[in-house]
>>> print(open('structure24.txt').read())   # compact mmCIF, N, CA and C atoms
# COMPACT_ATOMS: atom_id res chain seq x y z
N MET A 1 -67.18 -60.65 -125.06
CA MET A 1 -66.24 -60.07 -124.14
C MET A 1 -67.00 -59.48 -122.94
N PRO A 2 -66.67 -59.93 -121.71
CA PRO A 2 -67.39 -59.40 -120.54
C PRO A 2 -66.97 -57.95 -120.28
N PRO A 3 -67.91 -57.18 -119.72
CA PRO A 3 -67.57 -55.78 -119.42
C PRO A 3 -66.50 -55.71 -118.33
N THR A 4 -65.58 -54.81 -118.50
CA THR A 4 -64.48 -54.70 -117.54
C THR A 4 -64.86 -53.73 -116.42
N LYS A 5 -64.39 -54.05 -115.25
CA LYS A 5 -64.64 -53.18 -114.10
C LYS A 5 -63.64 -52.03 -114.12
N PRO A 6 -64.07 -50.84 -113.63
CA PRO A 6 -63.10 -49.74 -113.56
C PRO A 6 -61.98 -50.09 -112.60
N HIS A 7 -60.78 -49.73 -112.98
CA HIS A 7 -59.60 -50.03 -112.17
C HIS A 7 -59.59 -49.14 -110.93
N THR A 8 -59.55 -49.73 -109.73
CA THR A 8 -59.48 -48.94 -108.50
C THR A 8 -58.06 -48.97 -107.97
N ASP A 9 -57.62 -47.83 -107.52
CA ASP A 9 -56.27 -47.72 -106.98
C ASP A 9 -56.38 -47.84 -105.46
N ALA A 10 -55.74 -48.84 -104.87
CA ALA A 10 -55.81 -49.06 -103.43
C ALA A 10 -55.06 -47.99 -102.66
N HIS A 11 -54.09 -47.33 -103.30
CA HIS A 11 -53.30 -46.32 -102.62
C HIS A 11 -54.01 -44.96 -102.53
N LYS A 12 -55.02 -44.80 -103.34
CA LYS A 12 -55.76 -43.54 -103.32
C LYS A 12 -56.65 -43.48 -102.09
N LYS A 13 -56.58 -42.39 -101.39
CA LYS A 13 -57.44 -42.23 -100.21
C LYS A 13 -58.80 -41.71 -100.65
N PRO A 14 -59.86 -42.16 -100.00
CA PRO A 14 -61.17 -41.62 -100.36
C PRO A 14 -61.26 -40.14 -99.94
N LEU A 15 -61.94 -39.37 -100.74
CA LEU A 15 -62.08 -37.95 -100.44
C LEU A 15 -62.99 -37.76 -99.23
N LYS A 16 -62.55 -36.90 -98.33
CA LYS A 16 -63.35 -36.61 -97.15
C LYS A 16 -64.28 -35.46 -97.46
N LYS A 17 -65.50 -35.57 -96.99
CA LYS A 17 -66.45 -34.48 -97.18
C LYS A 17 -66.18 -33.42 -96.12
N ILE A 18 -66.17 -32.19 -96.54
CA ILE A 18 -65.92 -31.09 -95.62
C ILE A 18 -67.24 -30.38 -95.35
N LYS A 19 -67.56 -30.25 -94.08
CA LYS A 19 -68.78 -29.52 -93.72
C LYS A 19 -68.45 -28.05 -93.59
N ILE A 20 -69.20 -27.23 -94.25
CA ILE A 20 -68.99 -25.79 -94.17
C ILE A 20 -69.89 -25.23 -93.09
N LEU A 21 -69.28 -24.44 -92.20
CA LEU A 21 -70.06 -23.85 -91.13
C LEU A 21 -71.06 -22.86 -91.69
N GLN A 22 -72.28 -22.93 -91.21
CA GLN A 22 -73.30 -21.98 -91.63
C GLN A 22 -73.36 -20.88 -90.59
N VAL A 23 -73.03 -19.68 -91.01
CA VAL A 23 -73.03 -18.54 -90.10
C VAL A 23 -74.28 -17.73 -90.35
N LYS A 24 -75.01 -17.44 -89.29
CA LYS A 24 -76.23 -16.66 -89.42
C LYS A 24 -75.87 -15.20 -89.62
N ARG A 25 -76.56 -14.56 -90.50
CA ARG A 25 -76.33 -13.13 -90.73
C ARG A 25 -76.99 -12.34 -89.62
N THR A 26 -76.24 -11.43 -89.07
CA THR A 26 -76.80 -10.56 -88.05
C THR A 26 -77.06 -9.20 -88.66
N GLU A 27 -78.06 -8.56 -88.14
CA GLU A 27 -78.41 -7.24 -88.67
C GLU A 27 -77.31 -6.27 -88.26
N GLN A 28 -76.69 -5.65 -89.25
CA GLN A 28 -75.58 -4.75 -88.97
C GLN A 28 -76.10 -3.33 -88.88
N GLU A 29 -75.66 -2.63 -87.82
CA GLU A 29 -76.07 -1.25 -87.65
C GLU A 29 -75.21 -0.36 -88.54
N SER A 30 -75.76 0.81 -88.85
CA SER A 30 -74.99 1.75 -89.66
C SER A 30 -73.85 2.31 -88.81
N LEU A 31 -72.88 2.91 -89.48
CA LEU A 31 -71.72 3.47 -88.79
C LEU A 31 -72.15 4.55 -87.80
N LEU A 32 -73.15 5.35 -88.18
CA LEU A 32 -73.63 6.42 -87.31
C LEU A 32 -74.25 5.87 -86.03
N LEU A 33 -75.02 4.80 -86.16
CA LEU A 33 -75.66 4.23 -84.97
C LEU A 33 -74.67 3.43 -84.11
N GLU A 34 -73.72 2.79 -84.77
CA GLU A 34 -72.78 1.96 -84.02
C GLU A 34 -71.83 2.80 -83.17
N HIS A 35 -71.41 3.94 -83.69
CA HIS A 35 -70.48 4.81 -82.96
C HIS A 35 -71.12 6.18 -82.71
N PHE A 36 -72.31 6.16 -82.10
CA PHE A 36 -73.07 7.41 -81.92
C PHE A 36 -72.40 8.34 -80.93
N TYR A 37 -72.01 7.84 -79.78
CA TYR A 37 -71.45 8.71 -78.74
C TYR A 37 -70.09 9.29 -79.12
N PRO A 38 -69.18 8.51 -79.70
CA PRO A 38 -67.94 9.15 -80.17
C PRO A 38 -68.19 10.22 -81.24
N LEU A 39 -69.18 9.98 -82.11
CA LEU A 39 -69.49 10.98 -83.12
C LEU A 39 -70.06 12.26 -82.49
N LEU A 40 -70.83 12.12 -81.41
CA LEU A 40 -71.30 13.31 -80.70
C LEU A 40 -70.14 14.10 -80.12
N GLY A 41 -69.16 13.40 -79.59
CA GLY A 41 -67.97 14.07 -79.05
C GLY A 41 -67.19 14.79 -80.13
N ILE A 42 -67.05 14.15 -81.29
CA ILE A 42 -66.35 14.78 -82.41
C ILE A 42 -67.11 16.00 -82.90
N LEU A 43 -68.45 15.88 -82.96
CA LEU A 43 -69.28 17.01 -83.38
C LEU A 43 -69.13 18.18 -82.41
N PHE A 44 -69.05 17.89 -81.12
CA PHE A 44 -68.88 18.94 -80.12
C PHE A 44 -67.56 19.68 -80.33
N VAL A 45 -66.48 18.93 -80.55
CA VAL A 45 -65.16 19.55 -80.74
C VAL A 45 -65.14 20.38 -82.03
N VAL A 46 -65.75 19.85 -83.10
CA VAL A 46 -65.79 20.59 -84.37
C VAL A 46 -66.59 21.88 -84.21
N ALA A 47 -67.75 21.78 -83.53
CA ALA A 47 -68.57 22.98 -83.30
C ALA A 47 -67.81 23.99 -82.46
N LEU A 48 -67.06 23.52 -81.48
CA LEU A 48 -66.27 24.41 -80.62
C LEU A 48 -65.26 25.20 -81.45
N PHE A 49 -64.54 24.51 -82.34
CA PHE A 49 -63.54 25.20 -83.16
C PHE A 49 -64.19 26.16 -84.17
N ILE A 50 -65.28 25.72 -84.80
CA ILE A 50 -65.92 26.57 -85.81
C ILE A 50 -66.50 27.83 -85.17
N LEU A 51 -67.18 27.66 -84.03
CA LEU A 51 -67.78 28.83 -83.37
C LEU A 51 -66.70 29.77 -82.82
N THR A 52 -65.59 29.22 -82.37
CA THR A 52 -64.48 30.06 -81.92
C THR A 52 -63.90 30.82 -83.12
N ALA A 53 -63.86 30.20 -84.27
CA ALA A 53 -63.34 30.87 -85.47
C ALA A 53 -64.26 31.98 -85.94
N PHE A 54 -65.56 31.87 -85.65
CA PHE A 54 -66.51 32.91 -86.03
C PHE A 54 -66.52 34.09 -85.05
N GLY A 55 -65.72 34.04 -84.00
CA GLY A 55 -65.59 35.19 -83.12
C GLY A 55 -66.16 35.02 -81.73
N LEU A 56 -66.77 33.87 -81.44
CA LEU A 56 -67.27 33.65 -80.07
C LEU A 56 -66.09 33.27 -79.17
N ARG A 57 -66.22 33.59 -77.87
CA ARG A 57 -65.20 33.14 -76.93
C ARG A 57 -65.31 31.64 -76.78
N TRP A 58 -64.25 31.00 -76.27
CA TRP A 58 -64.25 29.54 -76.20
C TRP A 58 -65.31 29.02 -75.25
N ASP A 59 -65.62 29.74 -74.15
CA ASP A 59 -66.64 29.26 -73.22
C ASP A 59 -68.04 29.39 -73.83
N GLU A 60 -68.27 30.48 -74.58
CA GLU A 60 -69.56 30.64 -75.24
C GLU A 60 -69.75 29.58 -76.33
N SER A 61 -68.68 29.31 -77.09
CA SER A 61 -68.79 28.31 -78.14
C SER A 61 -68.96 26.91 -77.55
N ALA A 62 -68.39 26.67 -76.36
CA ALA A 62 -68.58 25.37 -75.71
C ALA A 62 -70.04 25.19 -75.30
N VAL A 63 -70.66 26.26 -74.78
CA VAL A 63 -72.07 26.16 -74.38
C VAL A 63 -72.95 25.92 -75.61
N VAL A 64 -72.68 26.64 -76.70
CA VAL A 64 -73.48 26.44 -77.92
C VAL A 64 -73.25 25.02 -78.47
N GLY A 65 -72.00 24.53 -78.42
CA GLY A 65 -71.70 23.17 -78.87
C GLY A 65 -72.42 22.13 -78.03
N LEU A 66 -72.48 22.35 -76.72
CA LEU A 66 -73.22 21.42 -75.85
C LEU A 66 -74.71 21.44 -76.17
N TRP A 67 -75.25 22.63 -76.50
CA TRP A 67 -76.66 22.72 -76.87
C TRP A 67 -76.91 21.92 -78.15
N ILE A 68 -76.03 22.06 -79.14
CA ILE A 68 -76.20 21.34 -80.40
C ILE A 68 -76.17 19.83 -80.16
N VAL A 69 -75.16 19.37 -79.43
CA VAL A 69 -75.02 17.93 -79.15
C VAL A 69 -76.18 17.44 -78.29
N GLY A 70 -76.61 18.23 -77.32
CA GLY A 70 -77.73 17.84 -76.45
C GLY A 70 -79.03 17.70 -77.21
N VAL A 71 -79.29 18.62 -78.15
CA VAL A 71 -80.53 18.54 -78.93
C VAL A 71 -80.50 17.30 -79.82
N ILE A 72 -79.36 17.00 -80.43
CA ILE A 72 -79.27 15.80 -81.27
C ILE A 72 -79.47 14.54 -80.44
N PHE A 73 -78.86 14.49 -79.25
CA PHE A 73 -79.03 13.33 -78.36
C PHE A 73 -80.49 13.18 -77.96
N PHE A 74 -81.14 14.28 -77.59
CA PHE A 74 -82.54 14.23 -77.17
C PHE A 74 -83.44 13.76 -78.31
N LEU A 75 -83.19 14.27 -79.54
CA LEU A 75 -84.00 13.86 -80.68
C LEU A 75 -83.83 12.36 -80.97
N ARG A 76 -82.63 11.85 -80.82
CA ARG A 76 -82.41 10.42 -81.05
C ARG A 76 -83.17 9.58 -80.03
N GLN A 77 -83.12 10.00 -78.77
CA GLN A 77 -83.84 9.26 -77.73
C GLN A 77 -85.34 9.32 -77.97
N LEU A 78 -85.84 10.48 -78.42
CA LEU A 78 -87.27 10.63 -78.69
C LEU A 78 -87.71 9.73 -79.85
N VAL A 79 -86.90 9.68 -80.91
CA VAL A 79 -87.24 8.82 -82.06
C VAL A 79 -87.23 7.36 -81.65
N ARG A 80 -86.26 6.96 -80.86
CA ARG A 80 -86.20 5.55 -80.41
C ARG A 80 -87.39 5.21 -79.52
N PHE A 81 -87.82 6.17 -78.70
CA PHE A 81 -88.97 5.93 -77.82
C PHE A 81 -90.25 5.81 -78.64
N LEU A 82 -90.42 6.69 -79.64
CA LEU A 82 -91.64 6.66 -80.44
C LEU A 82 -91.70 5.42 -81.32
N ARG A 83 -90.58 4.92 -81.77
CA ARG A 83 -90.55 3.69 -82.57
C ARG A 83 -90.73 2.45 -81.71
N GLY A 84 -90.55 2.59 -80.42
CA GLY A 84 -90.69 1.45 -79.52
C GLY A 84 -89.47 0.56 -79.53
N ALA A 85 -88.33 1.10 -79.87
CA ALA A 85 -87.10 0.31 -79.90
C ALA A 85 -86.70 -0.05 -78.47
N PRO A 86 -86.24 -1.28 -78.25
CA PRO A 86 -85.82 -1.66 -76.90
C PRO A 86 -84.56 -0.92 -76.49
N VAL A 87 -84.45 -0.70 -75.20
CA VAL A 87 -83.27 -0.03 -74.66
C VAL A 87 -82.09 -1.00 -74.80
N PRO A 88 -80.97 -0.54 -75.34
CA PRO A 88 -79.83 -1.47 -75.48
C PRO A 88 -79.32 -1.90 -74.12
N LYS A 89 -79.20 -3.21 -73.95
CA LYS A 89 -78.72 -3.75 -72.68
C LYS A 89 -77.20 -3.69 -72.65
N LYS A 90 -76.67 -3.55 -71.46
CA LYS A 90 -75.23 -3.54 -71.30
C LYS A 90 -74.71 -4.92 -71.65
N GLU A 91 -73.69 -4.97 -72.49
CA GLU A 91 -73.16 -6.26 -72.91
C GLU A 91 -72.48 -6.95 -71.76
N GLU A 92 -72.94 -8.18 -71.50
CA GLU A 92 -72.34 -8.97 -70.44
C GLU A 92 -71.13 -9.70 -71.00
N LYS A 93 -70.15 -9.90 -70.15
CA LYS A 93 -68.99 -10.67 -70.58
C LYS A 93 -69.40 -12.13 -70.69
N LYS A 94 -69.18 -12.69 -71.87
CA LYS A 94 -69.55 -14.08 -72.10
C LYS A 94 -68.44 -14.97 -71.56
N PRO A 95 -68.82 -16.11 -70.95
CA PRO A 95 -67.76 -17.01 -70.46
C PRO A 95 -66.99 -17.60 -71.63
N LEU A 96 -65.76 -17.94 -71.37
CA LEU A 96 -64.94 -18.54 -72.40
C LEU A 96 -65.52 -19.89 -72.79
N ALA A 97 -65.31 -20.27 -74.02
CA ALA A 97 -65.88 -21.53 -74.51
C ALA A 97 -65.27 -22.74 -73.82
N SER A 98 -64.02 -22.60 -73.35
CA SER A 98 -63.37 -23.75 -72.73
C SER A 98 -63.83 -23.97 -71.29
N LEU A 99 -64.38 -22.94 -70.67
CA LEU A 99 -64.82 -23.07 -69.29
C LEU A 99 -66.24 -23.63 -69.24
N PRO A 100 -66.55 -24.50 -68.26
CA PRO A 100 -67.91 -25.02 -68.17
C PRO A 100 -68.88 -23.91 -67.76
N SER A 101 -70.12 -24.03 -68.23
CA SER A 101 -71.09 -22.99 -67.95
C SER A 101 -71.60 -23.04 -66.50
N GLN A 102 -71.53 -24.20 -65.89
CA GLN A 102 -72.00 -24.31 -64.51
C GLN A 102 -70.87 -24.80 -63.60
N LYS A 103 -71.09 -24.62 -62.32
CA LYS A 103 -70.06 -25.00 -61.36
C LYS A 103 -69.95 -26.53 -61.31
N TYR A 104 -68.72 -27.02 -61.21
CA TYR A 104 -68.48 -28.46 -61.19
C TYR A 104 -68.88 -29.04 -59.84
N THR A 105 -69.66 -30.12 -59.88
CA THR A 105 -69.99 -30.86 -58.66
C THR A 105 -69.42 -32.26 -58.84
N PRO A 106 -68.58 -32.70 -57.90
CA PRO A 106 -68.00 -34.03 -58.04
C PRO A 106 -69.06 -35.12 -57.91
N PRO A 107 -68.85 -36.27 -58.54
CA PRO A 107 -69.84 -37.35 -58.44
C PRO A 107 -69.93 -37.88 -57.01
N ALA A 108 -71.08 -38.45 -56.68
CA ALA A 108 -71.30 -38.95 -55.32
C ALA A 108 -70.35 -40.10 -54.99
N LEU A 109 -70.17 -41.03 -55.91
CA LEU A 109 -69.27 -42.15 -55.70
C LEU A 109 -68.08 -42.01 -56.64
N PRO A 110 -66.91 -42.43 -56.19
CA PRO A 110 -65.76 -42.35 -57.10
C PRO A 110 -65.94 -43.31 -58.28
N ARG A 111 -65.45 -42.91 -59.44
CA ARG A 111 -65.62 -43.72 -60.65
C ARG A 111 -64.41 -44.64 -60.84
N VAL A 112 -64.24 -45.58 -59.93
CA VAL A 112 -63.14 -46.55 -60.03
C VAL A 112 -63.70 -47.94 -59.76
N SER A 113 -62.96 -48.94 -60.22
CA SER A 113 -63.41 -50.32 -60.01
C SER A 113 -63.13 -50.73 -58.57
N LYS A 114 -63.71 -51.91 -58.17
CA LYS A 114 -63.56 -52.37 -56.79
C LYS A 114 -62.12 -52.77 -56.50
N GLY A 115 -61.41 -53.26 -57.51
CA GLY A 115 -60.04 -53.73 -57.28
C GLY A 115 -59.01 -52.60 -57.36
N PHE A 116 -59.44 -51.39 -57.48
CA PHE A 116 -58.50 -50.28 -57.61
C PHE A 116 -57.84 -49.98 -56.27
N ARG A 117 -56.48 -49.84 -56.32
CA ARG A 117 -55.75 -49.43 -55.12
C ARG A 117 -54.81 -48.32 -55.54
N ALA A 118 -54.75 -47.28 -54.76
CA ALA A 118 -53.94 -46.12 -55.12
C ALA A 118 -52.46 -46.45 -55.06
N MET A 119 -52.05 -47.26 -54.14
CA MET A 119 -50.63 -47.61 -53.99
C MET A 119 -50.39 -48.98 -54.63
N PRO A 120 -49.17 -49.21 -55.12
CA PRO A 120 -48.88 -50.53 -55.71
C PRO A 120 -48.88 -51.60 -54.62
N PRO A 121 -49.07 -52.85 -55.00
CA PRO A 121 -49.07 -53.91 -53.98
C PRO A 121 -47.69 -54.01 -53.31
N GLU A 122 -47.72 -54.43 -52.05
CA GLU A 122 -46.47 -54.52 -51.30
C GLU A 122 -45.57 -55.58 -51.93
N GLY A 123 -44.27 -55.31 -51.95
CA GLY A 123 -43.31 -56.24 -52.50
C GLY A 123 -43.15 -56.11 -54.01
N ASP A 124 -43.81 -55.15 -54.61
CA ASP A 124 -43.69 -54.94 -56.06
C ASP A 124 -42.33 -54.31 -56.33
N LYS A 125 -41.48 -55.02 -57.07
CA LYS A 125 -40.12 -54.54 -57.33
C LYS A 125 -40.10 -53.50 -58.46
N ARG A 126 -41.20 -53.41 -59.21
CA ARG A 126 -41.21 -52.48 -60.35
C ARG A 126 -41.47 -51.04 -59.93
N TYR A 127 -41.91 -50.82 -58.71
CA TYR A 127 -42.26 -49.46 -58.28
C TYR A 127 -41.38 -49.05 -57.14
N PRO A 128 -40.73 -47.95 -57.12
CA PRO A 128 -40.59 -47.01 -58.24
C PRO A 128 -39.71 -47.63 -59.31
N PRO A 129 -39.78 -47.11 -60.53
CA PRO A 129 -39.01 -47.72 -61.61
C PRO A 129 -37.51 -47.68 -61.31
N PRO A 130 -36.76 -48.68 -61.78
CA PRO A 130 -35.34 -48.70 -61.48
C PRO A 130 -34.64 -47.47 -62.04
N SER A 131 -33.78 -46.90 -61.22
CA SER A 131 -33.04 -45.71 -61.62
C SER A 131 -31.68 -45.77 -60.96
N PRO A 132 -30.63 -45.32 -61.63
CA PRO A 132 -29.31 -45.36 -61.00
C PRO A 132 -29.21 -44.36 -59.84
N PHE A 133 -30.09 -43.39 -59.79
CA PHE A 133 -30.02 -42.36 -58.73
C PHE A 133 -30.92 -42.65 -57.54
N ILE A 134 -31.99 -43.44 -57.77
CA ILE A 134 -32.95 -43.70 -56.70
C ILE A 134 -32.78 -45.14 -56.26
N LYS A 135 -32.65 -45.34 -54.97
CA LYS A 135 -32.54 -46.70 -54.43
C LYS A 135 -33.95 -47.24 -54.20
N PRO A 136 -34.21 -48.49 -54.58
CA PRO A 136 -35.54 -49.06 -54.37
C PRO A 136 -35.81 -49.26 -52.89
N PRO A 137 -37.10 -49.25 -52.48
CA PRO A 137 -37.41 -49.46 -51.06
C PRO A 137 -37.06 -50.86 -50.62
N LYS A 138 -36.71 -51.03 -49.33
CA LYS A 138 -36.32 -52.34 -48.80
C LYS A 138 -37.50 -53.08 -48.27
>>> encode(input="structure24.txt", output="structure tokens")
Amino acid sequence: MPPTKPHTDAHKKPLKKIKILQVKRTEQESLLLEHFYPLLGILFVVALFILTAFGLRWDESAVVGLWIVGVIFFLRQLVRFLRGAPVPKKEEKKPLASLPSQKYTPPALPRVSKGFRAMPPEGDKRYPPPSPFIKPPK
């Protein structure tokens, strides 16, 4: 008895291979570093309320709060300088993916064949298409 071939179904579609996008991992900053300036503002407001609650006037507590926030800001800048960390660059707006990256320059010669004519040949009855509202040219 000859070996039988596996039965193939013609109606079955072959499975398509799916390519999975490989995303590079980026180094994620901590929450404190990512939102440093808003956290300094929150710290200033909290220090203002706490110092006012301890009996200082609001203007005195504001000056002390500014000193606290200023010292923390200065220490952060000093640590970044000593570590040699690069200064963060201002984020530039990236162009949209659909827009070309460079300015369009038209080609030197038009990309049409020699027999191309913009208007239909004279006497062509098909142009404009027949319509009950539009009368064809005479």
>>> atom_distance(input="structure24.txt", atom1="atom C of Ala53 in chain A", atom2="atom N of Ile72 in chain A")
22.0 Å
>>> closest_residue(input="structure24.txt", among="A:Leu33, A:Leu21, A:Trp67, A:Phe133", to="Arg80 in chain A", atoms="only C-alpha atoms")
A:Leu33
>>> atom_distance(input="structure24.txt", atom1="CA of Leu48 in chain A", atom2="CA of Val64 in chain A")
8.0 Å
>>> residues_near_point(input="structure24.txt", point="(-66.1, 24.4, -74.2)", cutoff="12 Å", atoms="only C-alpha atoms", output="PyMOL selection string")
chain A and resi 41+44-52+56-67
>>> atom_distance(input="structure24.txt", atom1="atom N of Leu43 in chain A", atom2="atom N of Phe73 in chain A")
11.1 Å
>>> decode(input="structure24.txt", residues="range 68-81 of chain A", atoms="N, CA, C and O atoms", output="short mmCIF file (atom, residue, chain, number, x, y, z; two decimals), in the first residue's frame")
data_model
loop_
_atom_site.label_atom_id
_atom_site.label_comp_id
_atom_site.auth_asym_id
_atom_site.auth_seq_id
_atom_site.Cartn_x
_atom_site.Cartn_y
_atom_site.Cartn_z
N ILE A 68 14.18 77.86 51.03
CA ILE A 68 14.20 76.40 51.01
C ILE A 68 14.22 75.88 49.57
O ILE A 68 15.04 75.04 49.19
N VAL A 69 13.31 76.39 48.75
CA VAL A 69 13.22 75.96 47.35
C VAL A 69 14.48 76.34 46.58
O VAL A 69 15.00 75.56 45.77
N GLY A 70 15.02 77.54 46.84
CA GLY A 70 16.23 77.99 46.15
C GLY A 70 17.44 77.13 46.49
O GLY A 70 18.25 76.81 45.61
N VAL A 71 17.58 76.73 47.76
CA VAL A 71 18.71 75.89 48.15
C VAL A 71 18.59 74.52 47.49
O VAL A 71 19.58 73.98 46.98
N ILE A 72 17.39 73.96 47.44
CA ILE A 72 17.21 72.65 46.79
C ILE A 72 17.52 72.75 45.30
O ILE A 72 18.20 71.90 44.72
N PHE A 73 17.06 73.82 44.65
CA PHE A 73 17.35 74.02 43.22
C PHE A 73 18.85 74.15 42.99
O PHE A 73 19.41 73.54 42.07
N PHE A 74 19.53 74.94 43.82
CA PHE A 74 20.97 75.14 43.67
C PHE A 74 21.73 73.83 43.86
O PHE A 74 22.66 73.54 43.11
N LEU A 75 21.33 73.04 44.88
CA LEU A 75 22.00 71.76 45.12
C LEU A 75 21.82 70.80 43.95
O LEU A 75 22.75 70.08 43.57
N ARG A 76 20.65 70.80 43.34
CA ARG A 76 20.41 69.94 42.18
C ARG A 76 21.30 70.34 41.01
O ARG A 76 21.90 69.49 40.34
N GLN A 77 21.40 71.65 40.78
CA GLN A 77 22.25 72.12 39.68
C GLN A 77 23.71 71.79 39.94
O GLN A 77 24.45 71.41 39.03
N LEU A 78 24.14 71.91 41.21
CA LEU A 78 25.52 71.61 41.56
C LEU A 78 25.83 70.12 41.37
O LEU A 78 26.88 69.77 40.81
N VAL A 79 24.90 69.25 41.77
CA VAL A 79 25.11 67.81 41.60
C VAL A 79 25.16 67.46 40.12
O VAL A 79 26.01 66.67 39.68
N ARG A 80 24.30 68.04 39.32
CA ARG A 80 24.31 67.76 37.87
C ARG A 80 25.60 68.25 37.23
O ARG A 80 26.14 67.61 36.33
N PHE A 81 26.12 69.38 37.70
CA PHE A 81 27.36 69.92 37.16
C PHE A 81 28.54 69.02 37.52
O PHE A 81 29.40 68.74 36.69
#
